[in-house]
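Shown next: protein.pdb, given as PDB, C-alpha atoms (C1' of nucleotides).
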```pdb
ATOM      1  CA  MET A   1      11.080 -10.655 -12.558
ATOM      2  CA  LYS A   2      10.404 -10.073  -8.885
ATOM      3  CA  ILE A   3       7.993  -7.171  -8.310
ATOM      4  CA  ALA A   4       7.167  -5.991  -4.785
ATOM      5  CA  SER A   5       5.099  -3.443  -2.883
ATOM      6  CA  PHE A   6       6.016  -1.913   0.472
ATOM      7  CA  ASN A   7       4.166   0.800   2.399
ATOM      8  CA  ILE A   8       7.163   2.225   4.239
ATOM      9  CA  ASN A   9       5.323   4.892   6.295
ATOM     10  CA  GLY A  10       7.919   7.636   5.870
ATOM     11  CA  ILE A  11      11.138   7.246   3.839
ATOM     12  CA  LYS A  12      13.209   9.350   6.242
ATOM     13  CA  ALA A  13      12.383   7.064   9.152
ATOM     14  CA  ARG A  14      12.568   3.880   7.088
ATOM     15  CA  ILE A  15      15.682   4.258   4.959
ATOM     16  CA  ASN A  16      17.600   1.670   7.003
ATOM     17  CA  ALA A  17      14.773  -0.872   7.183
ATOM     18  CA  LEU A  18      14.116  -0.491   3.460
ATOM     19  CA  THR A  19      17.801  -0.830   2.566
ATOM     20  CA  GLU A  20      18.147  -3.994   4.648
ATOM     21  CA  TRP A  21      15.036  -5.531   3.094
ATOM     22  CA  LEU A  22      16.237  -4.699  -0.442
ATOM     23  CA  ALA A  23      19.509  -6.497   0.253
ATOM     24  CA  ALA A  24      17.722  -9.551   1.640
ATOM     25  CA  ALA A  25      14.840  -9.788  -0.841
ATOM     26  CA  ASN A  26      16.604  -8.454  -3.951
ATOM     27  CA  PRO A  27      13.462  -7.378  -5.863
ATOM     28  CA  ASP A  28      13.846  -6.220  -9.456
ATOM     29  CA  LEU A  29      11.214  -3.557  -8.879
ATOM     30  CA  VAL A  30       9.423  -2.239  -5.808
ATOM     31  CA  VAL A  31       6.593   0.263  -5.546
ATOM     32  CA  LEU A  32       6.604   2.273  -2.338
ATOM     33  CA  GLN A  33       3.716   3.990  -0.578
ATOM     34  CA  GLU A  34       3.630   6.721   2.068
ATOM     35  CA  ILE A  35       7.057   8.118   1.269
ATOM     36  CA  LYS A  36       5.752  11.252   3.072
ATOM     37  CA  THR A  37       8.094  13.633   1.309
ATOM     38  CA  ILE A  38       8.313  15.885  -1.708
ATOM     39  CA  ASP A  39      10.349  14.523  -4.629
ATOM     40  CA  GLU A  40      13.367  16.646  -3.652
ATOM     41  CA  GLY A  41      13.393  15.090  -0.174
ATOM     42  CA  PHE A  42      13.636  11.496  -1.420
ATOM     43  CA  PRO A  43      17.079   9.882  -1.044
ATOM     44  CA  THR A  44      17.312   9.089  -4.754
ATOM     45  CA  ASP A  45      21.117   8.980  -4.806
ATOM     46  CA  HIS A  46      21.194   6.405  -2.007
ATOM     47  CA  PHE A  47      19.027   3.971  -3.968
ATOM     48  CA  ALA A  48      20.817   4.767  -7.237
ATOM     49  CA  ASP A  49      24.021   3.664  -5.501
ATOM     50  CA  LEU A  50      22.285   0.356  -4.766
ATOM     51  CA  GLY A  51      21.565  -0.096  -8.475
ATOM     52  CA  TYR A  52      17.996   1.177  -8.677
ATOM     53  CA  ASN A  53      16.405   3.624 -11.064
ATOM     54  CA  VAL A  54      14.130   5.883  -9.020
ATOM     55  CA  GLU A  55      10.848   7.574  -9.928
ATOM     56  CA  THR A  56       8.956   9.531  -7.287
ATOM     57  CA  HIS A  57       5.527  11.118  -7.037
ATOM     58  CA  GLY A  58       5.798  12.899  -3.736
ATOM     59  CA  GLN A  59       3.822  15.268  -1.548
ATOM     60  CA  LYS A  60       4.736  17.288   1.517
ATOM     61  CA  GLY A  61       4.183  15.416   4.745
ATOM     62  CA  PHE A  62       1.632  12.832   3.648
ATOM     63  CA  ASN A  63       1.013  10.149   1.030
ATOM     64  CA  GLY A  64       3.519   9.918  -1.808
ATOM     65  CA  VAL A  65       4.472   6.925  -3.965
ATOM     66  CA  ALA A  66       7.645   5.849  -5.747
ATOM     67  CA  ILE A  67       9.168   3.124  -7.900
ATOM     68  CA  LEU A  68      12.634   1.622  -7.507
ATOM     69  CA  SER A  69      13.680  -0.565 -10.447
ATOM     70  CA  LYS A  70      16.899  -2.277 -11.448
ATOM     71  CA  LEU A  71      15.701  -2.282 -15.039
ATOM     72  CA  PRO A  72      15.016   0.961 -16.916
ATOM     73  CA  LEU A  73      11.519   2.411 -16.588
ATOM     74  CA  GLU A  74       9.595   3.702 -19.577
ATOM     75  CA  ASP A  75       6.395   5.705 -20.010
ATOM     76  CA  VAL A  76       6.213   6.781 -16.366
ATOM     77  CA  THR A  77       2.964   8.539 -15.461
ATOM     78  CA  CYS A  78       2.076  10.073 -12.117
ATOM     79  CA  GLY A  79      -1.432  10.535 -10.744
ATOM     80  CA  LEU A  80      -4.665   8.590 -11.195
ATOM     81  CA  PRO A  81      -6.679   9.908 -14.163
ATOM     82  CA  GLY A  82     -10.192  11.213 -13.738
ATOM     83  CA  ASP A  83      -9.925  14.267 -11.456
ATOM     84  CA  ASP A  84      -7.529  17.079 -12.320
ATOM     85  CA  ALA A  85      -8.340  18.762  -9.000
ATOM     86  CA  ASP A  86      -7.046  15.796  -6.953
ATOM     87  CA  GLU A  87      -3.761  16.923  -5.374
ATOM     88  CA  GLN A  88      -3.038  13.766  -3.368
ATOM     89  CA  ALA A  89      -0.002  11.792  -4.591
ATOM     90  CA  ARG A  90      -1.241   8.209  -4.570
ATOM     91  CA  TYR A  91      -0.620   6.624  -7.974
ATOM     92  CA  ILE A  92       2.251   5.923 -10.351
ATOM     93  CA  GLU A  93       2.577   3.744 -13.456
ATOM     94  CA  ALA A  94       5.556   2.628 -15.484
ATOM     95  CA  THR A  95       6.595   0.009 -18.004
ATOM     96  CA  VAL A  96       9.546  -2.195 -17.113
ATOM     97  CA  VAL A  97      11.187  -4.339 -19.766
ATOM     98  CA  GLY A  98      12.803  -7.618 -18.821
ATOM     99  CA  GLU A  99      12.409 -10.585 -21.156
ATOM    100  CA  ARG A 100       9.135  -8.874 -22.015
ATOM    101  CA  ALA A 101       7.409  -5.595 -21.188
ATOM    102  CA  VAL A 102       5.313  -5.414 -18.021
ATOM    103  CA  ARG A 103       3.107  -2.482 -17.022
ATOM    104  CA  VAL A 104       3.253  -1.761 -13.296
ATOM    105  CA  ALA A 105       0.652   0.351 -11.471
ATOM    106  CA  GLY A 106       1.625   1.289  -7.915
ATOM    107  CA  LEU A 107      -1.116   2.720  -5.719
ATOM    108  CA  TYR A 108      -1.895   4.023  -2.255
ATOM    109  CA  LEU A 109      -5.664   3.844  -2.008
ATOM    110  CA  PRO A 110      -7.280   6.333   0.402
ATOM    111  CA  ASN A 111      -7.925   5.048   3.927
ATOM    112  CA  GLY A 112     -11.415   6.580   4.025
ATOM    113  CA  ASN A 113     -11.948   6.857   7.781
ATOM    114  CA  PRO A 114     -14.046   8.089   9.378
ATOM    115  CA  ALA A 115     -16.983   6.611   7.494
ATOM    116  CA  PRO A 116     -19.403   8.014   6.647
ATOM    117  CA  GLY A 117     -17.949  11.411   5.804
ATOM    118  CA  PRO A 118     -16.011  13.336   3.157
ATOM    119  CA  LYS A 119     -12.953  11.107   3.482
ATOM    120  CA  TYR A 120     -15.066   8.036   2.783
ATOM    121  CA  ASP A 121     -16.693   9.760  -0.173
ATOM    122  CA  TYR A 122     -13.186  10.500  -1.510
ATOM    123  CA  LYS A 123     -12.190   6.849  -1.087
ATOM    124  CA  LEU A 124     -15.186   5.577  -3.046
ATOM    125  CA  ALA A 125     -14.738   8.204  -5.766
ATOM    126  CA  TRP A 126     -11.041   7.280  -6.019
ATOM    127  CA  MET A 127     -11.962   3.602  -6.368
ATOM    128  CA  GLU A 128     -14.361   4.420  -9.182
ATOM    129  CA  ARG A 129     -11.533   6.245 -10.979
ATOM    130  CA  LEU A 130      -9.282   3.234 -10.354
ATOM    131  CA  ARG A 131     -11.949   0.929 -11.799
ATOM    132  CA  LEU A 132     -11.938   2.921 -15.033
ATOM    133  CA  ARG A 133      -8.135   3.005 -15.228
ATOM    134  CA  ALA A 134      -7.906  -0.725 -14.428
ATOM    135  CA  ALA A 135     -10.258  -1.489 -17.326
ATOM    136  CA  GLU A 136      -8.005   0.526 -19.650
ATOM    137  CA  LEU A 137      -4.967  -1.415 -18.444
ATOM    138  CA  LEU A 138      -6.680  -4.739 -19.175
ATOM    139  CA  LYS A 139      -7.464  -3.573 -22.704
ATOM    140  CA  THR A 140      -3.728  -3.382 -23.468
ATOM    141  CA  GLU A 141      -3.489  -7.188 -23.111
ATOM    142  CA  MET A 142      -0.029  -6.675 -21.624
ATOM    143  CA  PRO A 143       1.049  -8.390 -18.449
ATOM    144  CA  VAL A 144       0.002  -5.806 -15.852
ATOM    145  CA  VAL A 145       0.753  -5.884 -12.129
ATOM    146  CA  MET A 146      -1.471  -3.467 -10.170
ATOM    147  CA  LEU A 147      -0.203  -3.455  -6.621
ATOM    148  CA  GLY A 148       0.073  -1.467  -3.456
ATOM    149  CA  ASP A 149      -1.718  -0.527  -0.263
ATOM    150  CA  PHE A 150      -5.374  -0.916  -1.251
ATOM    151  CA  ASN A 151      -6.649  -0.150   2.259
ATOM    152  CA  ILE A 152      -9.255  -2.878   1.660
ATOM    153  CA  ILE A 153      -9.839  -6.016   3.741
ATOM    154  CA  PRO A 154     -11.454  -8.153   1.023
ATOM    155  CA  GLU A 155     -13.037 -10.816   3.242
ATOM    156  CA  PRO A 156     -13.427 -11.719   6.933
ATOM    157  CA  ARG A 157     -10.606 -14.260   6.659
ATOM    158  CA  ASP A 158      -8.295 -11.350   5.774
ATOM    159  CA  ALA A 159      -8.527 -10.042   9.355
ATOM    160  CA  ALA A 160      -7.512 -11.722  12.616
ATOM    161  CA  GLU A 161     -10.461 -10.027  14.334
ATOM    162  CA  PRO A 162     -12.982  -9.147  11.625
ATOM    163  CA  GLY A 163     -15.459  -7.995  14.227
ATOM    164  CA  GLU A 164     -13.196  -5.056  15.106
ATOM    165  CA  TRP A 165     -13.457  -3.728  11.545
ATOM    166  CA  VAL A 166     -17.183  -3.838  10.800
ATOM    167  CA  LYS A 167     -17.607  -0.048  10.943
ATOM    168  CA  ASP A 168     -14.209   0.707   9.418
ATOM    169  CA  ALA A 169     -13.766   2.147   5.920
ATOM    170  CA  LEU A 170     -11.351  -0.710   5.142
ATOM    171  CA  PHE A 171     -14.050  -3.350   5.632
ATOM    172  CA  LEU A 172     -17.437  -1.724   5.025
ATOM    173  CA  PRO A 173     -19.567  -3.632   2.497
ATOM    174  CA  GLU A 174     -19.486  -0.711   0.052
ATOM    175  CA  SER A 175     -15.660  -0.674   0.162
ATOM    176  CA  ARG A 176     -15.398  -4.405  -0.377
ATOM    177  CA  ALA A 177     -17.950  -4.270  -3.197
ATOM    178  CA  ALA A 178     -15.924  -1.579  -4.960
ATOM    179  CA  PHE A 179     -12.800  -3.726  -4.675
ATOM    180  CA  ARG A 180     -14.665  -6.806  -5.883
ATOM    181  CA  ARG A 181     -16.013  -4.833  -8.848
ATOM    182  CA  ILE A 182     -12.449  -4.088  -9.946
ATOM    183  CA  ALA A 183     -11.196  -7.629  -9.285
ATOM    184  CA  ALA A 184     -14.089  -9.056 -11.287
ATOM    185  CA  GLN A 185     -12.871  -7.255 -14.393
ATOM    186  CA  GLY A 186     -10.427 -10.143 -14.642
ATOM    187  CA  TRP A 187      -7.714  -9.489 -12.058
ATOM    188  CA  THR A 188      -6.122 -12.273 -10.024
ATOM    189  CA  ASP A 189      -5.406 -11.566  -6.342
ATOM    190  CA  ALA A 190      -2.016 -13.308  -6.409
ATOM    191  CA  ILE A 191      -1.686 -14.039  -2.701
ATOM    192  CA  ARG A 192      -5.234 -15.403  -2.387
ATOM    193  CA  SER A 193      -4.840 -17.431  -5.581
ATOM    194  CA  ARG A 194      -2.029 -19.441  -3.955
ATOM    195  CA  ASP A 195      -4.248 -20.439  -1.017
ATOM    196  CA  PRO A 196      -7.828 -20.144  -2.270
ATOM    197  CA  PHE A 197      -9.390 -22.010   0.642
ATOM    198  CA  GLY A 198      -7.217 -20.546   3.401
ATOM    199  CA  THR A 199      -9.215 -19.517   6.457
ATOM    200  CA  ARG A 200      -6.938 -16.904   8.072
ATOM    201  CA  GLY A 201      -4.465 -14.414   6.617
ATOM    202  CA  PRO A 202      -1.751 -14.018   5.547
ATOM    203  CA  PHE A 203      -1.662 -10.498   6.994
ATOM    204  CA  THR A 204       0.327  -7.554   5.643
ATOM    205  CA  PHE A 205      -0.396  -4.858   8.285
ATOM    206  CA  TRP A 206      -0.323  -4.754  12.047
ATOM    207  CA  ASP A 207      -1.235  -1.477  13.754
ATOM    208  CA  PHE A 208       1.410   0.226  15.879
ATOM    209  CA  GLN A 209      -1.223   0.557  18.608
ATOM    210  CA  ALA A 210      -2.576  -1.785  21.230
ATOM    211  CA  GLY A 211       0.081  -4.471  20.755
ATOM    212  CA  ALA A 212      -1.364  -5.577  17.437
ATOM    213  CA  TRP A 213       1.882  -7.227  16.267
ATOM    214  CA  ARG A 214       2.478  -8.975  19.590
ATOM    215  CA  ARG A 215      -1.048 -10.363  19.469
ATOM    216  CA  ASP A 216      -0.879 -11.097  15.708
ATOM    217  CA  ASN A 217      -3.938  -8.912  15.263
ATOM    218  CA  GLY A 218      -3.274  -8.231  11.581
ATOM    219  CA  ILE A 219      -5.135  -7.547   8.362
ATOM    220  CA  ARG A 220      -4.426  -8.184   4.680
ATOM    221  CA  ILE A 221      -4.687  -4.865   2.842
ATOM    222  CA  ASP A 222      -1.624  -4.840   0.552
ATOM    223  CA  HIS A 223      -2.533  -6.624  -2.653
ATOM    224  CA  LEU A 224      -0.913  -7.885  -5.857
ATOM    225  CA  MET A 225      -3.468  -7.857  -8.664
ATOM    226  CA  LEU A 226      -2.462  -9.587 -11.896
ATOM    227  CA  SER A 227      -3.942  -9.118 -15.349
ATOM    228  CA  PRO A 228      -4.691 -12.423 -17.130
ATOM    229  CA  GLN A 229      -1.438 -12.133 -19.072
ATOM    230  CA  ALA A 230       0.468 -11.624 -15.823
ATOM    231  CA  ALA A 231      -1.387 -14.408 -14.001
ATOM    232  CA  ASP A 232      -0.420 -16.788 -16.810
ATOM    233  CA  ILE A 233       3.266 -16.256 -16.017
ATOM    234  CA  LEU A 234       2.998 -16.259 -12.203
ATOM    235  CA  ILE A 235       5.816 -18.263 -10.641
ATOM    236  CA  GLU A 236       5.519 -17.472  -6.944
ATOM    237  CA  CYS A 237       4.390 -14.795  -4.538
ATOM    238  CA  GLY A 238       4.692 -14.088  -0.849
ATOM    239  CA  VAL A 239       4.515 -11.821   2.175
ATOM    240  CA  ASP A 240       7.758 -10.907   3.977
ATOM    241  CA  LYS A 241       6.226 -11.044   7.443
ATOM    242  CA  GLU A 242       9.568 -11.154   9.278
ATOM    243  CA  VAL A 243      10.195  -7.512   8.324
ATOM    244  CA  ARG A 244       7.580  -6.449  10.913
ATOM    245  CA  ALA A 245       9.809  -7.836  13.694
ATOM    246  CA  GLY A 246      12.843  -5.831  12.577
ATOM    247  CA  GLU A 247      14.352  -2.639  13.952
ATOM    248  CA  LYS A 248      12.102   0.444  13.613
ATOM    249  CA  PRO A 249       9.630  -1.323  11.332
ATOM    250  CA  SER A 250       6.824   0.079   9.216
ATOM    251  CA  ASP A 251       3.326  -1.019  10.195
ATOM    252  CA  HIS A 252       3.109  -2.756   6.778
ATOM    253  CA  VAL A 253       5.351  -5.528   5.421
ATOM    254  CA  PRO A 254       6.439  -6.117   1.804
ATOM    255  CA  VAL A 255       4.417  -8.297  -0.557
ATOM    256  CA  TRP A 256       5.967  -9.650  -3.752
ATOM    257  CA  VAL A 257       5.323 -11.632  -6.888
ATOM    258  CA  ASP A 258       7.742 -13.399  -9.212
ATOM    259  CA  ILE A 259       6.625 -13.606 -12.839
ATOM    260  CA  ALA A 260       8.322 -15.098 -15.895
ATOM    261  CA  ALA A 261       9.057 -11.809 -17.644
TER     262      ALA A 261
ATOM    263  C1'  DA B 262     -16.336   5.047  25.854
ATOM    264  C1'  DT B 263     -11.617   5.360  25.369
ATOM    265  C1'  DG B 264      -6.925   4.568  24.478
ATOM    266  C1'  DG B 265      -3.204   2.622  22.585
ATOM    267  C1'  DT B 266       1.717   4.216  18.705
ATOM    268  C1'  DA B 267       4.211   6.275  14.954
ATOM    269  C1'  DG B 268       5.568   9.839  11.346
ATOM    270  C1'  DT B 269       5.839  14.421   9.613
ATOM    271  C1'  DC B 270       8.714  19.263   9.917
ATOM    272  C1'  DT B 271       2.643  20.464  12.995
ATOM    273  C1'  DT B 272       2.560  22.124  17.746
ATOM    274  C1'  DA B 273      -2.309  19.264  14.470
ATOM    275  C1'  DC B 274      -3.244  15.799  11.412
ATOM    276  C1'  DT B 275      -3.107  11.279   9.326
ATOM    277  C1'  DA B 276      -3.271   6.475   9.871
TER     278       DA B 276
END
```
Structure encoded using structure tokens:
Amino acid sequence: MKIASFNINGIKARINALTEWLAAANPDLVVLQEIKTIDEGFPTDHFADLGYNVETHGQKGFNGVAILSKLPLEDVTCGLPGDDADEQARYIEATVVGERAVRVAGLYLPNGNPAPGPKYDYKLAWMERLRLRAAELLKTEMPVVMLGDFNIIPEPRDAAEPGEWVKDALFLPESRAAFRRIAAQGWTDAIRSRDPFGTRGPFTFWDFQAGAWRRDNGIRIDHLMLSPQAADILIECGVDKEVRAGEKPSDHVPVWVDIAA
DNA sequence: ATGGTAGTCTTACTA
């Protein structure tokens, strides 16, 4: 079962790029971030015609997450538990049943800039809520794939120019510690696990500004976190870097994992 | 110190 994550930065602007990537990569399930539309504005019928079941958790103008899945989705829940007053659409979970049931948690973690400030406080509070939810997911002892745009650069080797990020919410020590605290519950960072001693990249995001793509000034912020039961059945994973060179690209590229499920 | 680019349904805000 091939499970992917793609921050598309606006479904209206990215419908062609997403459709082309789906045809090329043929994922069984993909979680999307930054759909930037309300549920009613999502082109559900278009993706249904391509053979995908569609679940959306949208919001007007900003944020918004979704799941496209060839296999039926069960027990879909929208929103990260822990704050009923949080109106930002950044989290969706579902169970997908192939040869066995897999719980998928798709997330768009707050950016947090500028730091310090209220946006950074929201990021850290959101990560604490995610830590609690992640612990609950591990308790199920199901294969769980928790994936999406984490807006976290875990280590200096995950940035082409780490020095440019030292005051950024994506790389501040407190951000990285919060991410590490979740990972240390028992999650495997799939991409890093395939190249544990790698010294640079692979990157998943290149800013639209300042020629970042041309200069390969990227960062790795889209992550595939596997529960122990999911890590045990890991076959392969990857980053579809070539998508960034396509027509009207997102600033992120897809990341994917293939598991025996 | 600043700017650089892209998306949304704003004429600002987010990233």
*Any chance you could resolve the PyMOL selection byres ((chain A and resi 106) around 7) against this file and give the residues as JSON, numbers by chain?*
{"A": [31, 91, 92, 93, 104, 105, 107, 146, 147, 148]}
As lines of an AutoDock Vina configuration file, please: the centre and edge lengths in Å, to one decimal, of an axis-aligned box enclosing every listed atom of region 181-190 of chain A with 3 Å added on each side.
```
center_x = -9.0
center_y = -8.7
center_z = -10.5
size_x = 20.0
size_y = 15.2
size_z = 14.3
```
*asked:* Could you list, as an MDAnalysis selection string, every residue matched by the PyMOL selection byres ((chain A) within 6 of (chain B)) in this structure?
replied: chainID A and resid 61 208:210
*Quick one: residues within 7 Å of Asn7 (chain A), all atoms listed in the file counted, chain neighbours fewer than 5 positions away excluded, as number ranges by chain?*
A: 32-34, 149, 252
Restricted to C-alpha atoms, what would the selected residues look like written as a CSV table (one decimal), in the coordinates of the input?
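Result file is part-v8.csv:
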```
chain,number,residue,atom,x,y,z
A,32,LEU,CA,6.6,2.3,-2.3
A,33,GLN,CA,3.7,4.0,-0.6
A,34,GLU,CA,3.6,6.7,2.1
A,149,ASP,CA,-1.7,-0.5,-0.3
A,252,HIS,CA,3.1,-2.8,6.8
```
*Have a look at CA of Gly79 (chain A) and CA of Val255 (chain A) and let me know their distance in Å, one decimal.*
22.2 Å
